[in-house]
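Enquirer: Next comes the structure file final.pdb, holding PDB, C-alpha atoms and all ligand atoms.
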MODEL        1
ATOM      1  CA  MET A   4      15.973 -11.219  10.305
ATOM      2  CA  MET A   5      15.816 -13.021   6.956
ATOM      3  CA  ARG A   6      12.135 -13.910   6.757
ATOM      4  CA  PHE A   7      11.824 -13.864   2.966
ATOM      5  CA  THR A   8      14.797 -15.834   1.668
ATOM      6  CA  GLU A   9      14.102 -16.947  -1.926
ATOM      7  CA  ARG A  10      10.503 -15.701  -1.799
ATOM      8  CA  VAL A  11       9.193 -13.713  -4.736
ATOM      9  CA  ALA A  12       7.310 -10.506  -3.935
ATOM     10  CA  ILE A  13       5.495  -8.037  -6.178
ATOM     11  CA  VAL A  14       5.202  -4.527  -4.729
ATOM     12  CA  THR A  15       2.980  -2.008  -6.522
ATOM     13  CA  GLY A  16       3.638   1.676  -5.983
ATOM     14  CA  ALA A  17       7.273   0.702  -5.369
ATOM     15  CA  GLY A  18       8.518   3.923  -6.954
ATOM     16  CA  SER A  19       7.955   6.091  -3.892
ATOM     17  CA  GLY A  20       7.100   6.361  -0.219
ATOM     18  CA  ILE A  21       5.672   3.338   1.581
ATOM     19  CA  GLY A  22       6.054   1.018  -1.427
ATOM     20  CA  ARG A  23       9.725   1.881  -1.827
ATOM     21  CA  ALA A  24      10.435   1.330   1.887
ATOM     22  CA  THR A  25       8.600  -2.006   1.708
ATOM     23  CA  ALA A  26      10.525  -3.185  -1.358
ATOM     24  CA  LEU A  27      13.828  -2.316   0.335
ATOM     25  CA  ARG A  28      12.880  -4.124   3.546
ATOM     26  CA  LEU A  29      11.696  -7.234   1.681
ATOM     27  CA  ALA A  30      14.950  -7.303  -0.290
ATOM     28  CA  ARG A  31      17.085  -6.835   2.831
ATOM     29  CA  GLU A  32      15.327  -9.862   4.282
ATOM     30  CA  GLY A  33      16.141 -12.006   1.250
ATOM     31  CA  ALA A  34      13.167 -11.624  -1.102
ATOM     32  CA  ARG A  35      13.386 -11.358  -4.862
ATOM     33  CA  VAL A  36      11.341  -8.248  -5.527
ATOM     34  CA  VAL A  37       9.359  -7.074  -8.537
ATOM     35  CA  LEU A  38       9.132  -3.289  -8.359
ATOM     36  CA  ALA A  39       5.973  -2.135 -10.132
ATOM     37  CA  ASP A  40       4.907   1.466 -10.564
ATOM     38  CA  TRP A  41       3.588   3.728 -13.290
ATOM     39  CA  SER A  42       6.435   6.161 -12.660
ATOM     40  CA  GLU A  43       9.610   5.088 -14.471
ATOM     41  CA  GLU A  44      11.563   7.798 -12.673
ATOM     42  CA  GLY A  45      10.388   6.475  -9.299
ATOM     43  CA  LEU A  46      11.269   2.910 -10.267
ATOM     44  CA  LEU A  47      14.807   3.918 -11.214
ATOM     45  CA  GLU A  48      15.277   5.724  -7.910
ATOM     46  CA  THR A  49      14.069   2.713  -5.915
ATOM     47  CA  ALA A  50      16.200   0.340  -7.979
ATOM     48  CA  ALA A  51      19.266   2.488  -7.236
ATOM     49  CA  GLN A  52      18.649   2.057  -3.501
ATOM     50  CA  MET A  53      18.150  -1.728  -3.571
ATOM     51  CA  PRO A  54      20.815  -3.776  -1.748
ATOM     52  CA  PRO A  55      23.485  -4.782  -4.295
ATOM     53  CA  GLU A  56      23.073  -8.494  -3.554
ATOM     54  CA  ALA A  57      19.281  -8.404  -4.053
ATOM     55  CA  THR A  58      17.560  -9.863  -7.103
ATOM     56  CA  HIS A  59      14.993  -7.402  -8.405
ATOM     57  CA  ILE A  60      13.307  -6.282 -11.585
ATOM     58  CA  GLU A  61      11.495  -3.042 -12.362
ATOM     59  CA  ARG A  62       8.293  -2.947 -14.375
ATOM     60  CA  LYS A  63       6.273   0.069 -15.460
ATOM     61  CA  LEU A  64       2.657  -0.783 -14.668
ATOM     62  CA  ASP A  65      -0.686   0.941 -14.337
ATOM     63  CA  VAL A  66      -2.561  -1.253 -11.847
ATOM     64  CA  SER A  67      -5.909  -0.058 -13.225
ATOM     65  CA  ASP A  68      -5.116  -1.513 -16.686
ATOM     66  CA  GLU A  69      -6.303  -5.140 -16.684
ATOM     67  CA  ASP A  70      -4.300  -6.229 -19.738
ATOM     68  CA  ALA A  71      -1.116  -4.708 -18.289
ATOM     69  CA  VAL A  72      -1.675  -6.444 -14.939
ATOM     70  CA  LYS A  73      -2.273  -9.787 -16.658
ATOM     71  CA  THR A  74       0.901  -9.419 -18.743
ATOM     72  CA  LEU A  75       3.074  -8.394 -15.796
ATOM     73  CA  VAL A  76       1.913 -11.285 -13.624
ATOM     74  CA  SER A  77       2.546 -13.867 -16.343
ATOM     75  CA  GLU A  78       6.020 -12.398 -16.996
ATOM     76  CA  VAL A  79       6.872 -12.661 -13.286
ATOM     77  CA  LYS A  80       5.662 -16.264 -13.155
ATOM     78  CA  GLU A  81       7.696 -17.036 -16.290
ATOM     79  CA  GLN A  82      10.853 -15.451 -14.901
ATOM     80  CA  PHE A  83      10.726 -16.615 -11.269
ATOM     81  CA  GLY A  84       8.423 -19.660 -11.383
ATOM     82  CA  GLN A  85       6.483 -18.596  -8.295
ATOM     83  CA  ILE A  86       4.845 -15.629  -6.561
ATOM     84  CA  ASP A  87       4.763 -15.736  -2.751
ATOM     85  CA  ILE A  88       3.904 -12.184  -1.724
ATOM     86  CA  LEU A  89       1.769  -9.424  -3.236
ATOM     87  CA  VAL A  90       1.868  -5.939  -1.739
ATOM     88  CA  ASN A  91      -1.002  -3.933  -3.238
ATOM     89  CA  ASN A  92       0.221  -0.487  -2.334
ATOM     90  CA  ALA A  93      -0.163   1.729  -5.429
ATOM     91  CA  GLY A  94      -2.568   4.540  -4.707
ATOM     92  CA  ILE A  95      -3.585   8.067  -5.564
ATOM     93  CA  SER A  96      -5.404  10.585  -3.406
ATOM     94  CA  GLY A  97      -6.079  13.405  -5.841
ATOM     95  CA  GLY A  98      -5.704  15.937  -3.020
ATOM     96  CA  SER A  99      -8.727  17.136  -1.084
ATOM     97  CA  TYR A 100     -12.153  17.179  -2.672
ATOM     98  CA  PRO A 101     -15.035  19.626  -2.679
ATOM     99  CA  PRO A 102     -18.256  18.729  -0.819
ATOM    100  CA  VAL A 103     -20.235  15.817  -2.249
ATOM    101  CA  THR A 104     -22.670  18.241  -3.938
ATOM    102  CA  GLU A 105     -19.795  19.308  -6.210
ATOM    103  CA  ASN A 106     -18.168  15.932  -6.855
ATOM    104  CA  GLU A 107     -17.264  14.848 -10.383
ATOM    105  CA  LYS A 108     -18.122  11.302 -11.432
ATOM    106  CA  ALA A 109     -14.812  11.120 -13.333
ATOM    107  CA  ASP A 110     -12.832  11.701 -10.091
ATOM    108  CA  TRP A 111     -14.664   8.842  -8.395
ATOM    109  CA  GLU A 112     -14.028   6.533 -11.353
ATOM    110  CA  LYS A 113     -10.333   7.431 -11.464
ATOM    111  CA  ILE A 114      -9.656   7.035  -7.725
ATOM    112  CA  LEU A 115     -11.709   3.851  -7.363
ATOM    113  CA  GLY A 116     -10.126   2.527 -10.586
ATOM    114  CA  VAL A 117      -6.613   2.702  -9.154
ATOM    115  CA  ASN A 118      -7.045   2.209  -5.406
ATOM    116  CA  LEU A 119      -9.795  -0.409  -5.344
ATOM    117  CA  ILE A 120     -10.181  -1.995  -8.774
ATOM    118  CA  GLY A 121      -6.376  -1.994  -9.246
ATOM    119  CA  ALA A 122      -5.953  -3.986  -6.026
ATOM    120  CA  MET A 123      -8.678  -6.425  -7.102
ATOM    121  CA  LEU A 124      -7.045  -6.931 -10.528
ATOM    122  CA  MET A 125      -3.664  -7.705  -8.974
ATOM    123  CA  ILE A 126      -5.247 -10.302  -6.664
ATOM    124  CA  LYS A 127      -7.278 -11.746  -9.538
ATOM    125  CA  TYR A 128      -4.158 -12.540 -11.580
ATOM    126  CA  VAL A 129      -1.654 -13.310  -8.786
ATOM    127  CA  ALA A 130      -3.828 -15.536  -6.578
ATOM    128  CA  PRO A 131      -4.150 -18.435  -9.079
ATOM    129  CA  HIS A 132      -0.345 -18.859  -8.934
ATOM    130  CA  MET A 133      -0.498 -18.875  -5.135
ATOM    131  CA  GLN A 134      -3.391 -21.357  -5.252
ATOM    132  CA  GLU A 135      -1.273 -23.780  -7.306
ATOM    133  CA  ARG A 136       1.330 -23.898  -4.527
ATOM    134  CA  GLN A 137      -1.204 -23.630  -1.677
ATOM    135  CA  GLN A 138       0.609 -20.705  -0.110
ATOM    136  CA  GLY A 139       0.808 -16.953  -0.336
ATOM    137  CA  ALA A 140       0.343 -13.653   1.446
ATOM    138  CA  VAL A 141      -1.315 -10.500   0.164
ATOM    139  CA  VAL A 142      -1.048  -7.173   1.977
ATOM    140  CA  ASN A 143      -3.158  -4.233   0.823
ATOM    141  CA  THR A 144      -2.423  -0.641   1.773
ATOM    142  CA  ALA A 145      -5.750   0.816   2.882
ATOM    143  CA  SER A 146      -5.845   3.918   5.125
ATOM    144  CA  VAL A 147      -7.274   5.321   8.326
ATOM    145  CA  ALA A 148      -9.410   7.206   5.785
ATOM    146  CA  GLY A 149     -11.111   3.872   5.037
ATOM    147  CA  ILE A 150     -12.162   3.538   8.695
ATOM    148  CA  ARG A 151     -13.492   7.088   9.181
ATOM    149  CA  SER A 152     -13.932   9.911   6.715
ATOM    150  CA  GLY A 153     -14.174  13.665   6.916
ATOM    151  CA  ALA A 154     -15.269  16.652   4.870
ATOM    152  CA  GLY A 155     -13.583  16.577   1.481
ATOM    153  CA  GLY A 156     -12.504  12.949   1.806
ATOM    154  CA  ASN A 157     -15.021  11.507  -0.601
ATOM    155  CA  PRO A 158     -13.657   9.217  -3.339
ATOM    156  CA  TYR A 159     -10.353   8.531  -1.569
ATOM    157  CA  SER A 160     -12.022   7.498   1.688
ATOM    158  CA  ALA A 161     -14.627   5.430  -0.160
ATOM    159  CA  SER A 162     -11.882   3.671  -2.135
ATOM    160  CA  LYS A 163      -9.987   2.764   1.036
ATOM    161  CA  ALA A 164     -13.150   1.527   2.787
ATOM    162  CA  GLY A 165     -13.541  -0.649  -0.306
ATOM    163  CA  VAL A 166      -9.971  -1.934   0.070
ATOM    164  CA  ILE A 167     -10.714  -3.001   3.664
ATOM    165  CA  ASN A 168     -13.822  -4.867   2.491
ATOM    166  CA  LEU A 169     -11.951  -6.409  -0.468
ATOM    167  CA  THR A 170      -9.385  -7.635   2.077
ATOM    168  CA  GLN A 171     -12.145  -9.512   3.913
ATOM    169  CA  THR A 172     -13.693 -10.925   0.731
ATOM    170  CA  ALA A 173     -10.351 -12.094  -0.673
ATOM    171  CA  ALA A 174      -9.365 -13.611   2.690
ATOM    172  CA  CYS A 175     -12.598 -15.629   2.632
ATOM    173  CA  ASP A 176     -12.245 -16.656  -1.026
ATOM    174  CA  LEU A 177      -8.600 -17.672  -0.649
ATOM    175  CA  GLY A 178      -8.298 -18.931   2.950
ATOM    176  CA  GLY A 179      -8.977 -22.513   1.858
ATOM    177  CA  PHE A 180      -5.851 -22.338  -0.312
ATOM    178  CA  ASN A 181      -3.659 -21.237   2.616
ATOM    179  CA  ILE A 182      -3.447 -17.721   1.177
ATOM    180  CA  ARG A 183      -3.660 -14.926   3.740
ATOM    181  CA  VAL A 184      -4.970 -11.470   2.847
ATOM    182  CA  ASN A 185      -4.558  -8.519   5.208
ATOM    183  CA  ALA A 186      -4.379  -4.737   5.061
ATOM    184  CA  ILE A 187      -2.642  -1.949   6.865
ATOM    185  CA  CYS A 188      -4.325   1.380   7.515
ATOM    186  CA  PRO A 189      -1.645   4.073   7.628
ATOM    187  CA  GLY A 190      -2.222   7.376   9.353
ATOM    188  CA  LEU A 191      -0.374  10.459   8.170
ATOM    189  CA  VAL A 192       3.026   9.544   6.652
ATOM    190  CA  GLU A 193       5.468  11.809   4.843
ATOM    191  CA  THR A 194       5.617  10.546   1.235
ATOM    192  CA  GLY A 195       5.086  11.843  -2.285
ATOM    193  CA  MET A 196       1.331  11.686  -1.719
ATOM    194  CA  THR A 197       1.384  14.017   1.278
ATOM    195  CA  LYS A 198       4.147  16.345   0.035
ATOM    196  CA  ALA A 199       1.719  19.239  -0.456
ATOM    197  CA  VAL A 200       0.397  18.867   3.108
ATOM    198  CA  PHE A 201       3.923  18.888   4.546
ATOM    199  CA  ASP A 202       5.127  21.727   2.302
ATOM    200  CA  TYR A 203       2.127  23.816   3.308
ATOM    201  CA  ALA A 204       2.560  23.120   7.015
ATOM    202  CA  ARG A 205       6.278  23.930   6.913
ATOM    203  CA  ALA A 206       5.757  27.124   4.945
ATOM    204  CA  ASN A 207       3.089  28.299   7.397
ATOM    205  CA  GLU A 208       4.697  27.410  10.734
ATOM    206  CA  LYS A 209       2.195  24.596  11.238
ATOM    207  CA  GLU A 210       4.655  21.698  11.237
ATOM    208  CA  HIS A 211       3.900  20.966  14.903
ATOM    209  CA  LYS A 212       0.286  20.298  13.898
ATOM    210  CA  LEU A 213       1.095  17.477  11.469
ATOM    211  CA  GLY A 214       1.223  14.796  14.139
ATOM    212  CA  ALA A 215      -1.152  16.512  16.523
ATOM    213  CA  ARG A 216      -4.047  14.121  15.847
ATOM    214  CA  CYS A 217      -1.940  11.065  16.677
ATOM    215  CA  GLU A 218      -1.561   9.880  20.265
ATOM    216  CA  LEU A 219       2.190   9.477  19.681
ATOM    217  CA  ARG A 220       2.186  13.187  18.717
ATOM    218  CA  ARG A 221       4.038  12.677  15.485
ATOM    219  CA  TYR A 222       3.437  11.542  11.931
ATOM    220  CA  GLY A 223       4.770   8.231  10.611
ATOM    221  CA  LYS A 224       7.802   7.298   8.550
ATOM    222  CA  PRO A 225       7.506   5.048   5.475
ATOM    223  CA  GLU A 226       9.802   2.498   7.177
ATOM    224  CA  GLU A 227       7.317   2.147  10.044
ATOM    225  CA  LEU A 228       4.605   1.202   7.571
ATOM    226  CA  ALA A 229       6.962  -1.135   5.712
ATOM    227  CA  ALA A 230       7.671  -2.946   9.000
ATOM    228  CA  ALA A 231       3.960  -3.655   9.475
ATOM    229  CA  ILE A 232       3.486  -4.741   5.846
ATOM    230  CA  CYS A 233       6.460  -7.102   6.110
ATOM    231  CA  PHE A 234       5.125  -8.549   9.374
ATOM    232  CA  LEU A 235       1.778  -9.341   7.727
ATOM    233  CA  ALA A 236       3.562 -10.765   4.665
ATOM    234  CA  SER A 237       5.777 -13.001   6.817
ATOM    235  CA  ASP A 238       5.221 -16.353   8.524
ATOM    236  CA  ASP A 239       5.176 -14.442  11.837
ATOM    237  CA  ALA A 240       1.588 -13.599  10.860
ATOM    238  CA  SER A 241       0.731 -17.181   9.861
ATOM    239  CA  TYR A 242      -2.623 -17.201  11.706
ATOM    240  CA  ILE A 243      -3.734 -13.681  10.737
ATOM    241  CA  THR A 244      -6.043 -13.158   7.770
ATOM    242  CA  GLY A 245      -8.839 -10.805   6.761
ATOM    243  CA  GLN A 246      -7.649  -8.050   9.100
ATOM    244  CA  ALA A 247      -6.992  -4.344   8.594
ATOM    245  CA  LEU A 248      -4.340  -3.116  11.017
ATOM    246  CA  PRO A 249      -4.173   0.615  11.779
ATOM    247  CA  VAL A 250      -0.554   1.815  11.807
ATOM    248  CA  ASP A 251      -1.329   5.351  12.753
ATOM    249  CA  GLY A 252       0.373   6.436  15.984
ATOM    250  CA  GLY A 253      -2.936   5.913  17.798
ATOM    251  CA  ASN A 254      -4.951   8.226  15.544
ATOM    252  CA  THR A 255      -7.996   5.931  15.324
ATOM    253  CA  ALA A 256      -7.834   5.033  19.030
ATOM    254  CA  SER A 257      -8.980   8.494  19.960
ATOM    255  CA  LEU A 258     -12.353  10.234  19.778
ATOM    256  CA  ASN A 259     -10.409  13.473  19.313
ATOM    257  CA  MET A 260     -13.012  15.244  21.427
ATOM    258  CA  PRO A 261     -12.337  18.856  22.310
ATOM    259  CA  GLY A 262     -11.047  19.114  25.866
ATOM    260  CA  MET A 263      -9.912  15.479  26.106
ATOM    261  CA  LYS A 264      -6.245  16.300  25.611
TER     262      LYS A 264
HETATM  263  P1  LIG B 301       3.430   8.001  -2.919
HETATM  264  O1  LIG B 301       2.681   8.911  -3.825
HETATM  265  O2  LIG B 301       4.753   8.427  -2.405
HETATM  266  O3  LIG B 301       3.552   6.542  -3.558
HETATM  267  C1  LIG B 301       2.523   5.971  -4.327
HETATM  268  C2  LIG B 301       3.152   5.294  -5.533
HETATM  269  O4  LIG B 301       2.106   4.633  -6.268
HETATM  270  C3  LIG B 301       3.820   6.289  -6.493
HETATM  271  O5  LIG B 301       5.134   5.872  -6.803
HETATM  272  C4  LIG B 301       2.911   6.266  -7.720
HETATM  273  O6  LIG B 301       3.617   6.474  -8.946
HETATM  274  C5  LIG B 301       2.337   4.866  -7.642
HETATM  275  N1  LIG B 301       1.078   4.725  -8.375
HETATM  276  C6  LIG B 301       0.000   5.529  -8.305
HETATM  277  N2  LIG B 301      -0.942   5.103  -9.137
HETATM  278  C7  LIG B 301      -0.452   4.002  -9.755
HETATM  279  C8  LIG B 301      -0.980   3.128 -10.737
HETATM  280  N3  LIG B 301      -2.191   3.300 -11.276
HETATM  281  N4  LIG B 301      -0.217   2.078 -11.122
HETATM  282  C9  LIG B 301       0.999   1.905 -10.593
HETATM  283  N5  LIG B 301       1.558   2.706  -9.690
HETATM  284  C10 LIG B 301       0.827   3.755  -9.269
HETATM  285  O7  LIG B 301       2.442   7.786  -1.676
HETATM  286  P2  LIG B 301       2.476   6.747  -0.447
HETATM  287  O8  LIG B 301       1.973   7.525   0.703
HETATM  288  O9  LIG B 301       3.729   5.979  -0.357
HETATM  289  O10 LIG B 301       1.293   5.775  -0.930
HETATM  290  C11 LIG B 301       1.326   4.367  -0.772
HETATM  291  C12 LIG B 301      -0.029   3.897  -0.288
HETATM  292  O11 LIG B 301      -0.234   4.369   1.048
HETATM  293  C13 LIG B 301      -1.202   4.430  -1.102
HETATM  294  O12 LIG B 301      -2.111   3.376  -1.338
HETATM  295  C14 LIG B 301      -1.812   5.481  -0.202
HETATM  296  O13 LIG B 301      -3.182   5.675  -0.447
HETATM  297  C15 LIG B 301      -1.545   4.869   1.156
HETATM  298  N6  LIG B 301      -1.634   5.807   2.294
HETATM  299  C16 LIG B 301      -0.744   6.839   2.445
HETATM  300  C17 LIG B 301      -0.855   7.692   3.543
HETATM  301  C18 LIG B 301       0.090   8.837   3.759
HETATM  302  O14 LIG B 301      -0.147   9.642   4.702
HETATM  303  N7  LIG B 301       1.142   8.978   2.989
HETATM  304  C19 LIG B 301      -1.888   7.497   4.482
HETATM  305  C20 LIG B 301      -2.761   6.440   4.295
HETATM  306  C21 LIG B 301      -2.623   5.587   3.204
HETATM  307  P1  LIG B 302      -4.568  22.607   9.664
HETATM  308  O1  LIG B 302      -4.887  23.674  10.655
HETATM  309  O2  LIG B 302      -3.485  22.994   8.689
HETATM  310  O3  LIG B 302      -5.787  22.041   8.981
HETATM  311  P2  LIG B 302      -4.336  19.964  10.866
HETATM  312  O4  LIG B 302      -3.556  19.459  12.027
HETATM  313  O5  LIG B 302      -5.825  19.881  10.991
HETATM  314  O6  LIG B 302      -3.877  21.439  10.559
HETATM  315  O7  LIG B 302      -3.901  19.099   9.605
HETATM  316  C1  LIG B 302      -2.827  19.426   8.788
HETATM  317  C2  LIG B 302      -2.985  18.635   7.529
HETATM  318  O8  LIG B 302      -2.658  17.256   7.780
HETATM  319  C3  LIG B 302      -4.414  18.654   7.004
HETATM  320  O9  LIG B 302      -4.388  18.717   5.588
HETATM  321  C4  LIG B 302      -4.990  17.335   7.465
HETATM  322  O10 LIG B 302      -5.975  16.866   6.591
HETATM  323  C5  LIG B 302      -3.753  16.432   7.441
HETATM  324  N1  LIG B 302      -3.833  15.408   8.481
HETATM  325  C6  LIG B 302      -3.760  15.581   9.818
HETATM  326  N2  LIG B 302      -3.837  14.412  10.458
HETATM  327  C7  LIG B 302      -3.959  13.483   9.517
HETATM  328  C8  LIG B 302      -4.066  12.052   9.522
HETATM  329  N3  LIG B 302      -4.088  11.365  10.631
HETATM  330  N4  LIG B 302      -4.152  11.427   8.340
HETATM  331  C9  LIG B 302      -4.131  12.091   7.176
HETATM  332  N5  LIG B 302      -4.014  13.432   7.100
HETATM  333  C10 LIG B 302      -3.945  14.112   8.237
ENDMDL
END
Could I get this structure in the form of structure tokens?
Expert:
Amino acid sequence: MMRFTERVAIVTGAGSGIGRATALRLAREGARVVLADWSEEGLLETAAQMPPEATHIERKLDVSDEDAVKTLVSEVKEQFGQIDILVNNAGISGGSYPPVTENEKADWEKILGVNLIGAMLMIKYVAPHMQERQQGAVVNTASVAGIRSGAGGNPYSASKAGVINLTQTAACDLGGFNIRVNAICPGLVETGMTKAVFDYARANEKEHKLGARCELRRYGKPEELAAAICFLASDDASYITGQALPVDGGNTASLNMPGMK
């Protein structure tokens, strides 16, 4: 498939995990890709894996820095003349949190600043260029943690619930300009973010448990999330907007009640 020939895509969090897999898939299908991440090391590694024939640029960016977002978007417009696809994927989890009675305000501000406000800022500056051409697709990476939470999930879960709601708001604001805005909600995927979880499980003979909460009985691969992001970014999804698609091996389909398995 070559669904993105000549299209220009910005992928945030492209220096690792799901963002890297998405950038590679977009490029393999013909897109010109802007790799954005705050990790220069990650950007270099992704760039080294890009198909040789692909046009791409790397840009160090903190999505929570409004001036930096504004500058990056205007540089991309200057260089490529158009922006067709925005993948708002940069995110931080900060590990697991103590109970709400022990939460720090600074943690909430940091997590919400990147995961939620960062996504809003990217849309704020990219969407006007899409509006000019009356076309565009935005895909946000939310999480199953934005659909349900759990003990110790606090600011991360709240940020991802916010991303799902932002997806609906932006879809409503931008639908009249033929701009679609959707989200994916990944379940557990092996990436940089979940390295500690996987390392711990492997070191403690608990690897079999990592996919145990998913109906497919396994955790996900970054490429499986990239496939869903690319679907939503493509014309195959031309009548889908404002939706948050779980890509979670069936995790959210189940009540996970004791005795039901
Ligand atoms: P990852 O840590 O491998 O990749 C995240 C990337 O985002 C990193 O390269 C990091 O440098 C970058 N980043 C973080 N903050 C940034 C900022 N302020 N500005 C620019 N770049 C920044 O993790 P991943 O799992 O690939 O994460 C991608 C997205 O998937 C995140 O939004 C995450 O919340 C979401 N997600 C992951 C899982 C999972 O199990 N891995 C589950 C649900 C949702
Ligand atoms: P443990 O006995 O080590 O807690 P679990 O199966 O409950 O084993 O989970 C292992 C780790 O994987 C935990 O840190 C848990 O939070 C995480 N985990 C399990 N399923 C998911 C999922 N669907 N999404 C995100 N993290 C998950």
Enquirer: Produce as a PyMOL selection string the set of residues near ligand LIG 301 (chain B), where near means within 6 Å with only C-alpha atoms and all ligand atoms considered.
Expert: chain A and resi 15-22+40-42+45+64-67+92-95+117+144-146+189-197
Enquirer: Pull the closest atom pair for each residue of chain A that gets at most 10 Å from ligand LIG 302 (chain B), along with the distance in Å to one decimal, counting all atoms listed in the file, ordering rows by chain and then ascending residue number, as CSV.
Expert:
residue,atom,partner,partner_atom,distance
A:Gly98,CA,B:LIG302,O9,9.1
A:Ser99,CA,B:LIG302,O9,8.1
A:Ser146,CA,B:LIG302,N4,8.3
A:Val147,CA,B:LIG302,N4,6.9
A:Ala148,CA,B:LIG302,N4,7.2
A:Gly153,CA,B:LIG302,O10,8.8
A:Ala154,CA,B:LIG302,O10,9.5
A:Gly155,CA,B:LIG302,O10,9.2
A:Gly156,CA,B:LIG302,O10,9.0
A:Pro189,CA,B:LIG302,N4,7.8
A:Gly190,CA,B:LIG302,N3,4.6
A:Leu191,CA,B:LIG302,N4,3.9
A:Val192,CA,B:LIG302,N4,7.6
A:Glu193,CA,B:LIG302,N5,9.9
A:Thr197,CA,B:LIG302,N5,8.0
A:Ala199,CA,B:LIG302,O9,8.6
A:Val200,CA,B:LIG302,O9,5.4
A:Phe201,CA,B:LIG302,O8,7.5
A:Tyr203,CA,B:LIG302,O2,7.8
A:Ala204,CA,B:LIG302,O2,6.3
A:Arg205,CA,B:LIG302,O2,10.0
A:Asn207,CA,B:LIG302,O2,8.5
A:Glu208,CA,B:LIG302,O2,9.5
A:Lys209,CA,B:LIG302,O2,6.4
A:Glu210,CA,B:LIG302,C1,8.2
A:His211,CA,B:LIG302,O4,8.1
A:Lys212,CA,B:LIG302,O4,4.4
A:Leu213,CA,B:LIG302,O4,5.1
A:Gly214,CA,B:LIG302,N2,6.3
A:Ala215,CA,B:LIG302,O4,5.9
A:Arg216,CA,B:LIG302,N2,5.4
A:Cys217,CA,B:LIG302,N3,6.4
A:Arg221,CA,B:LIG302,N2,9.5
A:Tyr222,CA,B:LIG302,N3,7.6
A:Gly223,CA,B:LIG302,N3,9.4
A:Asp251,CA,B:LIG302,N3,6.9
A:Gly252,CA,B:LIG302,N3,8.5
A:Gly253,CA,B:LIG302,N3,9.1
A:Asn254,CA,B:LIG302,N3,5.9
A:Thr255,CA,B:LIG302,N3,8.2
Enquirer: Please indicate the distance in Å from CA of Val129 in chain A to CA of Ala186 in chain A, rounded to one decimal place.
Expert: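 A separation of 16.5 Å between them.
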Enquirer: Can you pull out every residue within 12 Å of Glu135 in chain A, counting only C-alpha atoms, but drop anything in the same chain fewer than 3 positions away, and send it as a PyMOL selection string?
Expert: chain A and resi 80+84-87+129-132+138-139+177+180-182
Enquirer: For Tyr100 in chain A, which residue among A:Arg136, A:Pro158, A:Thr172, A:Ile114 is the nearest when counting only C-alpha atoms?
Expert: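 The answer is A:Pro158, which sits nearest to Tyr100 in chain A.
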Enquirer: Could you complete range 210-219 of chain A so that it carries N, CA, C and O atoms, and give it back as an mmCIF file, in the coordinates of the input?
Expert:
data_model
loop_
_atom_site.group_PDB
_atom_site.id
_atom_site.type_symbol
_atom_site.label_atom_id
_atom_site.label_comp_id
_atom_site.auth_asym_id
_atom_site.auth_seq_id
_atom_site.Cartn_x
_atom_site.Cartn_y
_atom_site.Cartn_z
ATOM 1 N N GLU A 210 4.078 23.044 11.253
ATOM 2 C CA GLU A 210 4.655 21.698 11.237
ATOM 3 C C GLU A 210 4.277 20.918 12.501
ATOM 4 O O GLU A 210 4.011 19.719 12.443
ATOM 5 N N HIS A 211 4.231 21.633 13.630
ATOM 6 C CA HIS A 211 3.900 20.966 14.903
ATOM 7 C C HIS A 211 2.515 20.335 14.869
ATOM 8 O O HIS A 211 2.211 19.446 15.638
ATOM 9 N N LYS A 212 1.656 20.819 13.956
ATOM 10 C CA LYS A 212 0.286 20.298 13.898
ATOM 11 C C LYS A 212 0.181 18.979 13.137
ATOM 12 O O LYS A 212 -0.825 18.278 13.241
ATOM 13 N N LEU A 213 1.209 18.635 12.358
ATOM 14 C CA LEU A 213 1.095 17.477 11.469
ATOM 15 C C LEU A 213 0.859 16.168 12.214
ATOM 16 O O LEU A 213 0.191 15.287 11.705
ATOM 17 N N GLY A 214 1.445 16.030 13.385
ATOM 18 C CA GLY A 214 1.223 14.796 14.139
ATOM 19 C C GLY A 214 0.244 14.982 15.279
ATOM 20 O O GLY A 214 0.019 14.063 16.077
ATOM 21 N N ALA A 215 -0.373 16.159 15.328
ATOM 22 C CA ALA A 215 -1.152 16.512 16.523
ATOM 23 C C ALA A 215 -2.347 15.594 16.747
ATOM 24 O O ALA A 215 -2.792 15.417 17.873
ATOM 25 N N ARG A 216 -2.871 14.978 15.670
ATOM 26 C CA ARG A 216 -4.047 14.121 15.847
ATOM 27 C C ARG A 216 -3.668 12.687 16.218
ATOM 28 O O ARG A 216 -4.537 11.834 16.372
ATOM 29 N N CYS A 217 -2.383 12.412 16.318
ATOM 30 C CA CYS A 217 -1.940 11.065 16.677
ATOM 31 C C CYS A 217 -1.559 11.048 18.142
ATOM 32 O O CYS A 217 -0.965 12.004 18.645
ATOM 33 N N GLU A 218 -1.878 9.959 18.839
ATOM 34 C CA GLU A 218 -1.561 9.880 20.265
ATOM 35 C C GLU A 218 -0.058 9.870 20.506
ATOM 36 O O GLU A 218 0.416 10.274 21.559
ATOM 37 N N LEU A 219 0.727 9.419 19.535
ATOM 38 C CA LEU A 219 2.190 9.477 19.681
ATOM 39 C C LEU A 219 2.734 10.873 19.348
ATOM 40 O O LEU A 219 3.945 11.097 19.393
#
